[in-house]
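Here the structure comes first, spelled out in structure tokens, and everything after it is commentary.
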Amino acid sequence: MIHVILPADLPFTGGVTRVEVQAETLKSLMLALEQRFPGLGEHLDRKMAFAVNGEIHQDAWFEPLDDGAEVVVLPKIGGG
Amino acid sequence: MSESPNTPKLSVIGGRPVRPDGVDKVTGRALFGADFAVAGQLCGRVLRSPHAHAKIISIDTRKAKALAGVKAVVTGADFPNLKSEVHEGGESSSDLRDLAMNVIAREKALYEGHAVAAVAAISPKIAEEALRLISVTYEALPHVLEVEAAMAADAPILHDHMRTGGVKPAPTTASNVAKRHIFERGDLSQGFADADVTYEGRYTTQAVHQGYIEPHACVAQWGEDGQCDVWCSSQGHFMIRAYCAKILNLPLSDVRVTPLEIGGGFGGKTTVYLEPLALALSRQSGRPVKMVMTRDEVFRATGPTSGAAMTVRLGAKRDGTLTAAKVELKFQAGAFPGSPVGAACMTALACYDVPNFEVLGWDVVTNTPKVAAYRAPGAPIVAFAVESAMDELARQLKIDPIELRLKNAVRDGVIAAYGPKYRNIGYVETLEALKASDHYKAPLGPNQGRGFAVGFWFNIGGESTASVHISEDGGATVTTGSPDIGGSRASMQMMAAETLGLPVERVRAKIADTASIGFSNVTGGSRTTFATGLAVIEACRKIIADATRRAVGTWGVEADKVVWTHGQVELLDGSKPPLTLADLAKESGKTGGPMSAEVALNAQGAGPGFGAHLCDLEVDPETGHVSVVRYTAAQDVGRAIHPAYVEGQIQGGVAQGLGWALNEAYLFDRDGRMENPGFLDYRMPVASDLPMIDTILVEVQNPRHPFGAKGVGETPIVPPLAAAANAVRSATGLRLNDLPLAPPVILAASDLAKAAE
């Protein structure tokens, strides 16, 4: 089971900030969250990054998730 | 400072070889954007709006087109109308419709300097005469420049379709507020109730420009066969390709962009201004078109960063433990949405382990040039506010400012205010290194003060491609798709040399055009040494695997009987002399053909950067003039691949930050026209304004990079604004909350303070 922490102002979630889903990769995590909160999957894919046990991943569908991993959803990051 | 026990001894990394682009640059041979030329090129010029906000009623180009020597005239009508579409092509996502309308105005001009038409002619004189012959009928509209004025209920509205995002219920009326951001944790009220002391301040900063020495410049050629070429300097030629293709409705494969040397970008060259115009002019004229901005145009029409209005409230226990923080940020976006307020919200409290907080941000459009990324976008602005407030809190609590930061410092395992749990960070080590410096103990002279501040930047990874070719004599050429704005060719050479076991002089690094190497994200986000470096190292490892395979075949032995070491393949039993890369390359035609490898990847696991700065300055009590007399910057850099370049990045960031703190600001007249669009009146620091900036490189390595690298280019611009303001506070007793800290501001505040006594 993956422990997911969502920002409180994320759309489509109704303010839910903690969920648990079954997923093996970040792509399957997005699909699982889309099922739970319709519309959220595309938003996550286009606008959000994922911190997997503290390490930030952007646009990394196939990043593997170990059972019990903590995934924090945060806005994508750019720079100058 | 810390070393991984498994790190092998390095022979190239950490050295200071001569920079590979140095001779070309000091002799003037290097080709920057304005140096490039193509036979038969025309001269392009842009007509810009004199109004800060106006409807464009009509544009009559007939007289300009009839002028002898004019070969093309384009307006917004010559470009497709794009639908709103977020495109992940540049530094971060951009709305293509906004991007296209910033390149050339359609129904409205949204700031003074907004392009409304462009011409191409056989000479600059004729092009400029043609601009004078274009008749534009405007209906001037009320304008708004300041962020809080733009948020007012009665403010002139820039975009009738815009509704504020991130608020519930969704608004039904137009607003200049594009988006609300919020980050929060814990119980804010309880946090402030638990505090023994609180401090609250309000802060403002002005729009400032990145100030790159090289103006925007390009040459574009639209071929008869529809194949387009663009030569330009930018932070990402794949970004230029994508934006040009989208704005002109072309397939990417019809556009090739060749990078030229870049004379500074600092985030400001992560978008397009001239390139689509030059292509459209070339399409119409059938000739290549060269366009070079004047400095005036660079100031009036290209991205500064945001001006801002901010409030910070902090609560703490008597021992200094933070209990609560409330931050509100209002950022100018310029004419289209997209200020860096989101990143500012995320970095605001990134250095602090505070249990209860709320960070609220507002992205607000104004009749000023659309902001562009500027080195750690948003972070220096909010750090000015938070670090100024922390300095006052330290004074209230009578705690040493570094001790107060140590007391509340984030460490591995702490959950960052922006979400994830920190790992492998070197913040405490950086604070300790600065605290132990001679500078921190040095006495101050008369009228001098010392300021301290910290800063954070995320650093990113992203997509990069690199190829490595071994020449017939065993040397290597490394090719990437990442423009070199801060020494990346040197670091690519060094990482390849270290991996291949070659002397650094036997490796050359080049940057290929968009048709000659795979996609790479822009050079930005402090990502290139980390991410493109990873691609280079992986490509070198492929070369090593290939070399080993060839040696096995050459010797006719089992694969487990050989080993790659010190740049050569050796037989474990030592029965034959080793085969070097040169030996293997010489016979490569017989062992499978040229030795070459390419790697394309999307790098993950970039390590964040933390900096801690000390600024000593002297304030002339008669004039209010500030002289920086000593400056030391400590930073966790992961591992310095080429320490001289890392030091240069830190020194450059500090210099820019001090200019932002002490001098720089966009000044507008009552009609919204910029009054200081040149380096005489827009005063950036020059070498004679600054002392030697001392650096302390703290090396807490990033385990996701083979040599431990972290990004270094952006963090150093984050603390200087507050470090300077805190030093002025120390020198004069004046807490000045509005940048820049120019002499008249200091004198006026000083006079007020004296009058109050």
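Residue names in the structure tokens use chain letters A, B, ... in the order shown, residue numbers from 1 in each chain, and ligand numbers from 1 in the order shown.
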
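Proximity to chain B at a cut-off of 6 Å picks out Ala51, Gly54, Glu55, Ile56, His57, Val72, Gly78, Gly79 and Gly80 of chain A on chain A, counting only C-alpha atoms.
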
* To do: Identify, on the basis of only C-alpha atoms, every residue whose closest approach to Ala77 in chain B does not exceed 10 Å; exclude the query and any residue fewer than 3 positions from it along the same chain; express the result as a PyMOL selection string.
  => chain B and resi 59+74+80-81+104-107+117

* For range 22-30 of chain A, list every protein, DNA or RNA residue within 12 Å, evaluated using only C-alpha atoms, and leave out those in the same chain fewer than 6 positions away; present the list as a ChimeraX atom specification. => /A:1-4,36-46,48-52,56-73

Would you save the residues from that selection as a short mmCIF file (atom, residue, chain, number, x, y, z; two decimals), in the first residue's frame, using C-alpha atoms?
data_model
loop_
_atom_site.label_atom_id
_atom_site.label_comp_id
_atom_site.auth_asym_id
_atom_site.auth_seq_id
_atom_site.Cartn_x
_atom_site.Cartn_y
_atom_site.Cartn_z
CA MET A 1 0.00 0.00 0.00
CA ILE A 2 1.27 3.48 -0.87
CA HIS A 3 0.62 6.33 1.55
CA VAL A 4 -0.25 9.44 -0.45
CA ARG A 36 -10.78 7.65 -6.59
CA PHE A 37 -11.08 11.31 -7.68
CA PRO A 38 -12.21 11.60 -11.33
CA GLY A 39 -10.31 14.36 -13.15
CA LEU A 40 -7.38 14.30 -10.78
CA GLY A 41 -5.16 12.02 -12.87
CA GLU A 42 -4.59 14.48 -15.71
CA HIS A 43 -4.07 17.33 -13.26
CA LEU A 44 -1.41 15.34 -11.44
CA ASP A 45 0.27 14.38 -14.69
CA ARG A 46 0.46 17.89 -16.09
CA MET A 48 2.29 18.12 -10.10
CA ALA A 49 5.46 16.42 -8.94
CA PHE A 50 5.85 13.53 -6.49
CA ALA A 51 8.23 13.18 -3.57
CA VAL A 52 8.77 9.45 -3.10
CA ILE A 56 11.29 14.53 -5.85
CA HIS A 57 10.25 13.05 -9.19
CA GLN A 58 8.78 14.98 -12.12
CA ASP A 59 7.37 13.37 -15.28
CA ALA A 60 8.58 9.95 -14.20
CA TRP A 61 5.70 7.56 -14.91
CA PHE A 62 7.71 4.41 -14.47
CA GLU A 63 9.39 5.28 -11.18
CA PRO A 64 8.86 2.15 -9.06
CA LEU A 65 7.12 2.41 -5.71
CA ASP A 66 7.99 0.00 -2.92
CA ASP A 67 5.16 -1.23 -0.73
CA GLY A 68 4.76 1.16 2.18
CA ALA A 69 6.29 4.12 0.34
CA GLU A 70 5.19 7.64 1.22
CA VAL A 71 4.36 9.81 -1.79
CA VAL A 72 3.88 13.53 -1.25
CA VAL A 73 2.21 15.42 -4.10
#

In chain A, what's alpha helix (DSSP H) per DSSP? Answer as a CSV table (one decimal) with N, CA and C atoms, in the first residue's frame?
chain,number,residue,atom,x,y,z
A,26,LEU,N,4.6,5.3,-10.4
A,26,LEU,CA,3.9,6.6,-10.3
A,26,LEU,C,2.8,6.7,-11.3
A,27,LYS,N,2.9,6.0,-12.4
A,27,LYS,CA,1.8,6.0,-13.4
A,27,LYS,C,0.6,5.3,-12.8
A,28,SER,N,0.8,4.1,-12.2
A,28,SER,CA,-0.3,3.4,-11.7
A,28,SER,C,-0.9,4.1,-10.5
A,29,LEU,N,0.0,4.9,-9.8
A,29,LEU,CA,-0.6,5.7,-8.7
A,29,LEU,C,-1.5,6.7,-9.2
A,30,MET,N,-1.1,7.4,-10.3
A,30,MET,CA,-2.0,8.4,-10.9
A,30,MET,C,-3.3,7.8,-11.4
A,31,LEU,N,-3.2,6.6,-11.9
A,31,LEU,CA,-4.5,5.9,-12.4
A,31,LEU,C,-5.4,5.6,-11.2
A,32,ALA,N,-4.7,5.1,-10.1
A,32,ALA,CA,-5.5,4.8,-8.9
A,32,ALA,C,-6.2,6.0,-8.3
A,33,LEU,N,-5.5,7.1,-8.4
A,33,LEU,CA,-6.0,8.4,-7.8
A,33,LEU,C,-7.1,8.9,-8.7
A,34,GLU,N,-7.0,8.7,-10.0
A,34,GLU,CA,-8.0,9.1,-11.0
A,34,GLU,C,-9.3,8.4,-10.7
A,35,GLN,N,-9.1,7.1,-10.4
A,35,GLN,CA,-10.3,6.3,-10.1
A,35,GLN,C,-11.0,6.8,-8.8
A,36,ARG,N,-10.2,7.2,-7.9
A,36,ARG,CA,-10.8,7.7,-6.6
A,36,ARG,C,-11.4,9.1,-6.8
A,40,LEU,N,-8.6,14.0,-11.5
A,40,LEU,CA,-7.4,14.3,-10.8
A,40,LEU,C,-6.1,13.8,-11.5
A,41,GLY,N,-6.3,12.6,-12.2
A,41,GLY,CA,-5.2,12.0,-12.9
A,41,GLY,C,-4.5,13.0,-13.8
A,42,GLU,N,-5.2,13.6,-14.7
A,42,GLU,CA,-4.6,14.5,-15.7
A,42,GLU,C,-3.9,15.7,-15.0
A,43,HIS,N,-4.6,16.2,-14.0
A,43,HIS,CA,-4.1,17.3,-13.3
A,43,HIS,C,-2.7,17.0,-12.7
A,44,LEU,N,-2.7,15.8,-12.1
A,44,LEU,CA,-1.4,15.3,-11.4
A,44,LEU,C,-0.3,15.2,-12.5
A,45,ASP,N,-0.7,14.6,-13.6
A,45,ASP,CA,0.3,14.4,-14.7
A,45,ASP,C,0.9,15.7,-15.2
A,46,ARG,N,0.0,16.7,-15.4
A,46,ARG,CA,0.5,17.9,-16.1
A,46,ARG,C,1.1,18.9,-15.1
A,47,LYS,N,0.6,18.9,-13.9
A,47,LYS,CA,1.0,20.1,-13.1
A,47,LYS,C,1.7,19.7,-11.8

* To do: Report the residues of chain A whose backbone DSSP state falls under strand (DSSP E or B), written as a count of residues only.
  => 24

* **Neighbour list for Val38 in chain B as number ranges by chain, cut-off 9 Å, only C-alpha atoms, skip fewer than 5 positions in-chain** => B: 219, 221, 288-290

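In this model, the gap between CA of Ala72 in chain B and CA of Leu277 in chain B comes to 10.8 Å.
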
* To do: Give me the residues within 9 Å of Ala193 in chain B as a VMD selection string, counting only C-alpha atoms and dropping any in the same chain fewer than 5 places off.
  => chain B and resid 188 315 323 to 324

* Can you pull out every residue within 12 Å of range 434-438 of chain B, counting only C-alpha atoms, but drop anything in the same chain fewer than 2 positions away, and send it as a VMD selection string? => chain B and resid 400 to 406 427 to 432 440 to 443 452 to 454 611 to 615 630 to 636 694 to 698

Given the selection you just returned, output its residues as a file containing N, CA, C and O atoms, formatted as a short mmCIF file (atom, residue, chain, number, x, y, z; two decimals), in the first residue's frame.
data_model
loop_
_atom_site.label_atom_id
_atom_site.label_comp_id
_atom_site.auth_asym_id
_atom_site.auth_seq_id
_atom_site.Cartn_x
_atom_site.Cartn_y
_atom_site.Cartn_z
N ASP B 400 21.73 35.07 19.05
CA ASP B 400 22.59 35.19 17.88
C ASP B 400 21.81 34.72 16.64
O ASP B 400 21.13 33.69 16.69
N PRO B 401 21.86 35.48 15.54
CA PRO B 401 21.02 35.12 14.39
C PRO B 401 21.33 33.73 13.80
O PRO B 401 20.43 33.06 13.30
N ILE B 402 22.62 33.33 13.84
CA ILE B 402 22.91 31.98 13.32
C ILE B 402 22.37 30.93 14.29
O ILE B 402 21.82 29.90 13.88
N GLU B 403 22.49 31.21 15.59
CA GLU B 403 21.95 30.26 16.58
C GLU B 403 20.44 30.11 16.41
O GLU B 403 19.90 29.01 16.57
N LEU B 404 19.77 31.22 16.11
CA LEU B 404 18.31 31.14 15.93
C LEU B 404 17.97 30.26 14.73
O LEU B 404 17.03 29.46 14.77
N ARG B 405 18.77 30.38 13.64
CA ARG B 405 18.53 29.51 12.49
C ARG B 405 18.85 28.06 12.84
O ARG B 405 18.11 27.15 12.44
N LEU B 406 19.95 27.86 13.57
CA LEU B 406 20.29 26.47 13.96
C LEU B 406 19.19 25.86 14.83
O LEU B 406 18.86 24.67 14.71
N TYR B 427 22.20 21.71 5.23
CA TYR B 427 21.89 23.05 5.74
C TYR B 427 22.63 23.34 7.06
O TYR B 427 23.28 24.38 7.20
N VAL B 428 22.52 22.43 8.01
CA VAL B 428 23.18 22.66 9.31
C VAL B 428 24.69 22.78 9.11
O VAL B 428 25.34 23.65 9.70
N GLU B 429 25.25 21.92 8.25
CA GLU B 429 26.69 22.00 7.98
C GLU B 429 27.06 23.37 7.41
O GLU B 429 28.13 23.91 7.70
N THR B 430 26.16 23.91 6.58
CA THR B 430 26.42 25.23 5.97
C THR B 430 26.39 26.32 7.04
O THR B 430 27.26 27.21 7.06
N LEU B 431 25.41 26.26 7.92
CA LEU B 431 25.33 27.25 9.01
C LEU B 431 26.57 27.15 9.90
O LEU B 431 27.16 28.17 10.28
N GLU B 432 26.95 25.93 10.22
CA GLU B 432 28.11 25.74 11.11
C GLU B 432 29.39 26.26 10.44
O GLU B 432 30.26 26.84 11.11
N TYR B 440 32.88 35.86 10.68
CA TYR B 440 31.84 36.01 11.70
C TYR B 440 32.39 36.61 13.00
O TYR B 440 31.65 37.18 13.78
N LYS B 441 33.70 36.43 13.19
CA LYS B 441 34.32 36.91 14.43
C LYS B 441 35.00 38.27 14.24
O LYS B 441 35.46 38.88 15.21
N ALA B 442 35.10 38.72 13.00
CA ALA B 442 35.89 39.93 12.73
C ALA B 442 35.19 41.17 13.27
O ALA B 442 33.96 41.28 13.20
N PRO B 443 35.97 42.12 13.81
CA PRO B 443 35.35 43.36 14.31
C PRO B 443 34.87 44.24 13.15
O PRO B 443 35.36 44.14 12.03
N PHE B 452 23.06 38.91 8.32
CA PHE B 452 23.10 37.47 8.08
C PHE B 452 21.75 37.06 7.51
O PHE B 452 20.70 37.55 7.93
N ALA B 453 21.78 36.13 6.55
CA ALA B 453 20.52 35.58 6.02
C ALA B 453 20.80 34.23 5.38
O ALA B 453 21.94 33.93 5.01
N VAL B 454 19.75 33.46 5.26
CA VAL B 454 19.86 32.13 4.64
C VAL B 454 18.94 32.05 3.43
O VAL B 454 18.07 32.91 3.23
N GLY B 611 22.00 27.96 1.35
CA GLY B 611 23.09 28.92 1.47
C GLY B 611 22.93 29.76 2.72
O GLY B 611 21.81 30.00 3.19
N ALA B 612 24.06 30.20 3.26
CA ALA B 612 24.06 31.10 4.42
C ALA B 612 25.09 32.20 4.15
O ALA B 612 26.24 31.89 3.82
N HIS B 613 24.66 33.45 4.26
CA HIS B 613 25.51 34.57 3.84
C HIS B 613 25.73 35.58 4.96
O HIS B 613 24.81 35.86 5.74
N LEU B 614 26.92 36.16 4.96
CA LEU B 614 27.27 37.26 5.86
C LEU B 614 27.65 38.47 5.03
O LEU B 614 28.49 38.36 4.13
N CYS B 615 27.06 39.59 5.33
CA CYS B 615 27.33 40.82 4.57
C CYS B 615 27.74 41.92 5.55
O CYS B 615 26.99 42.25 6.47
N ARG B 630 32.65 43.63 3.04
CA ARG B 630 33.07 42.23 3.13
C ARG B 630 31.84 41.35 2.95
O ARG B 630 30.75 41.69 3.43
N TYR B 631 32.03 40.23 2.26
CA TYR B 631 30.88 39.34 2.03
C TYR B 631 31.40 37.90 1.99
O TYR B 631 32.38 37.60 1.33
N THR B 632 30.73 37.03 2.73
CA THR B 632 31.07 35.61 2.70
C THR B 632 29.79 34.80 2.49
O THR B 632 28.79 35.01 3.17
N ALA B 633 29.86 33.89 1.53
CA ALA B 633 28.71 33.03 1.22
C ALA B 633 29.12 31.57 1.40
O ALA B 633 30.09 31.11 0.78
N ALA B 634 28.39 30.87 2.26
CA ALA B 634 28.61 29.42 2.42
C ALA B 634 27.45 28.70 1.76
O ALA B 634 26.30 29.15 1.84
N GLN B 635 27.73 27.59 1.10
CA GLN B 635 26.66 26.87 0.40
C GLN B 635 26.98 25.38 0.33
O GLN B 635 28.12 24.99 0.08
N ASP B 636 25.93 24.58 0.53
CA ASP B 636 26.06 23.14 0.28
C ASP B 636 25.98 22.93 -1.22
O ASP B 636 24.94 23.17 -1.83
N ASP B 694 33.89 36.21 -0.73
CA ASP B 694 34.50 34.95 -0.28
C ASP B 694 33.45 33.85 -0.27
O ASP B 694 32.27 34.09 0.02
N THR B 695 33.89 32.65 -0.57
CA THR B 695 32.96 31.51 -0.62
C THR B 695 33.46 30.38 0.27
O THR B 695 34.67 30.20 0.45
N ILE B 696 32.52 29.66 0.81
CA ILE B 696 32.82 28.44 1.56
C ILE B 696 31.99 27.33 0.92
O ILE B 696 30.76 27.38 0.95
N LEU B 697 32.68 26.38 0.29
CA LEU B 697 31.98 25.29 -0.37
C LEU B 697 31.81 24.14 0.61
O LEU B 697 32.79 23.53 1.05
N VAL B 698 30.58 23.87 0.96
CA VAL B 698 30.24 22.76 1.86
C VAL B 698 29.81 21.59 0.98
O VAL B 698 28.94 21.76 0.11
#

* Within 10 Å of Ser588 in chain B, counting only C-alpha atoms, which residues qualify if same-chain residues fewer than 5 places away don't, as a ChimeraX atom specification? -> /B:470-472,547,550,581-583,593-595

Just N, CA, C and O atoms for this one: save the residues we selected as a PDB file, in the first residue's frame.
ATOM      1  N   ILE B 470      34.400   8.394 -29.420  1.00  0.00           N
ATOM      2  CA  ILE B 470      35.836   8.195 -29.232  1.00  0.00           C
ATOM      3  C   ILE B 470      36.503   8.322 -30.593  1.00  0.00           C
ATOM      4  O   ILE B 470      36.134   7.628 -31.548  1.00  0.00           O
ATOM      5  N   SER B 471      37.460   9.222 -30.689  1.00  0.00           N
ATOM      6  CA  SER B 471      38.135   9.417 -31.969  1.00  0.00           C
ATOM      7  C   SER B 471      39.149   8.299 -32.194  1.00  0.00           C
ATOM      8  O   SER B 471      39.483   7.547 -31.270  1.00  0.00           O
ATOM      9  N   GLU B 472      39.678   8.246 -33.388  1.00  0.00           N
ATOM     10  CA  GLU B 472      40.561   7.127 -33.745  1.00  0.00           C
ATOM     11  C   GLU B 472      41.822   7.092 -32.896  1.00  0.00           C
ATOM     12  O   GLU B 472      42.474   6.064 -32.790  1.00  0.00           O
ATOM     13  N   ALA B 547      34.141  -0.957 -24.824  1.00  0.00           N
ATOM     14  CA  ALA B 547      35.599  -1.139 -24.882  1.00  0.00           C
ATOM     15  C   ALA B 547      35.985  -2.472 -24.251  1.00  0.00           C
ATOM     16  O   ALA B 547      36.853  -3.202 -24.772  1.00  0.00           O
ATOM     17  N   ARG B 550      35.165  -5.313 -26.584  1.00  0.00           N
ATOM     18  CA  ARG B 550      36.122  -5.409 -27.701  1.00  0.00           C
ATOM     19  C   ARG B 550      37.445  -6.007 -27.224  1.00  0.00           C
ATOM     20  O   ARG B 550      38.099  -6.763 -27.946  1.00  0.00           O
ATOM     21  N   LEU B 581      42.133   3.014 -24.262  1.00  0.00           N
ATOM     22  CA  LEU B 581      41.106   3.476 -25.209  1.00  0.00           C
ATOM     23  C   LEU B 581      41.741   3.766 -26.569  1.00  0.00           C
ATOM     24  O   LEU B 581      41.151   3.474 -27.613  1.00  0.00           O
ATOM     25  N   ALA B 582      42.955   4.327 -26.548  1.00  0.00           N
ATOM     26  CA  ALA B 582      43.634   4.633 -27.809  1.00  0.00           C
ATOM     27  C   ALA B 582      43.931   3.356 -28.579  1.00  0.00           C
ATOM     28  O   ALA B 582      43.749   3.293 -29.809  1.00  0.00           O
ATOM     29  N   ASP B 583      44.384   2.305 -27.866  1.00  0.00           N
ATOM     30  CA  ASP B 583      44.653   1.021 -28.537  1.00  0.00           C
ATOM     31  C   ASP B 583      43.384   0.478 -29.179  1.00  0.00           C
ATOM     32  O   ASP B 583      43.395   0.026 -30.327  1.00  0.00           O
ATOM     33  N   GLY B 593      33.385  -1.319 -35.579  1.00  0.00           N
ATOM     34  CA  GLY B 593      33.119   0.038 -36.061  1.00  0.00           C
ATOM     35  C   GLY B 593      33.385   1.080 -34.991  1.00  0.00           C
ATOM     36  O   GLY B 593      33.900   0.787 -33.904  1.00  0.00           O
ATOM     37  N   PRO B 594      33.032   2.334 -35.300  1.00  0.00           N
ATOM     38  CA  PRO B 594      33.373   3.438 -34.390  1.00  0.00           C
ATOM     39  C   PRO B 594      32.824   3.226 -32.983  1.00  0.00           C
ATOM     40  O   PRO B 594      31.769   2.616 -32.792  1.00  0.00           O
ATOM     41  N   MET B 595      33.574   3.773 -32.028  1.00  0.00           N
ATOM     42  CA  MET B 595      33.152   3.661 -30.632  1.00  0.00           C
ATOM     43  C   MET B 595      32.346   4.916 -30.284  1.00  0.00           C
ATOM     44  O   MET B 595      32.892   6.020 -30.242  1.00  0.00           O
TER      45      MET B 595
END
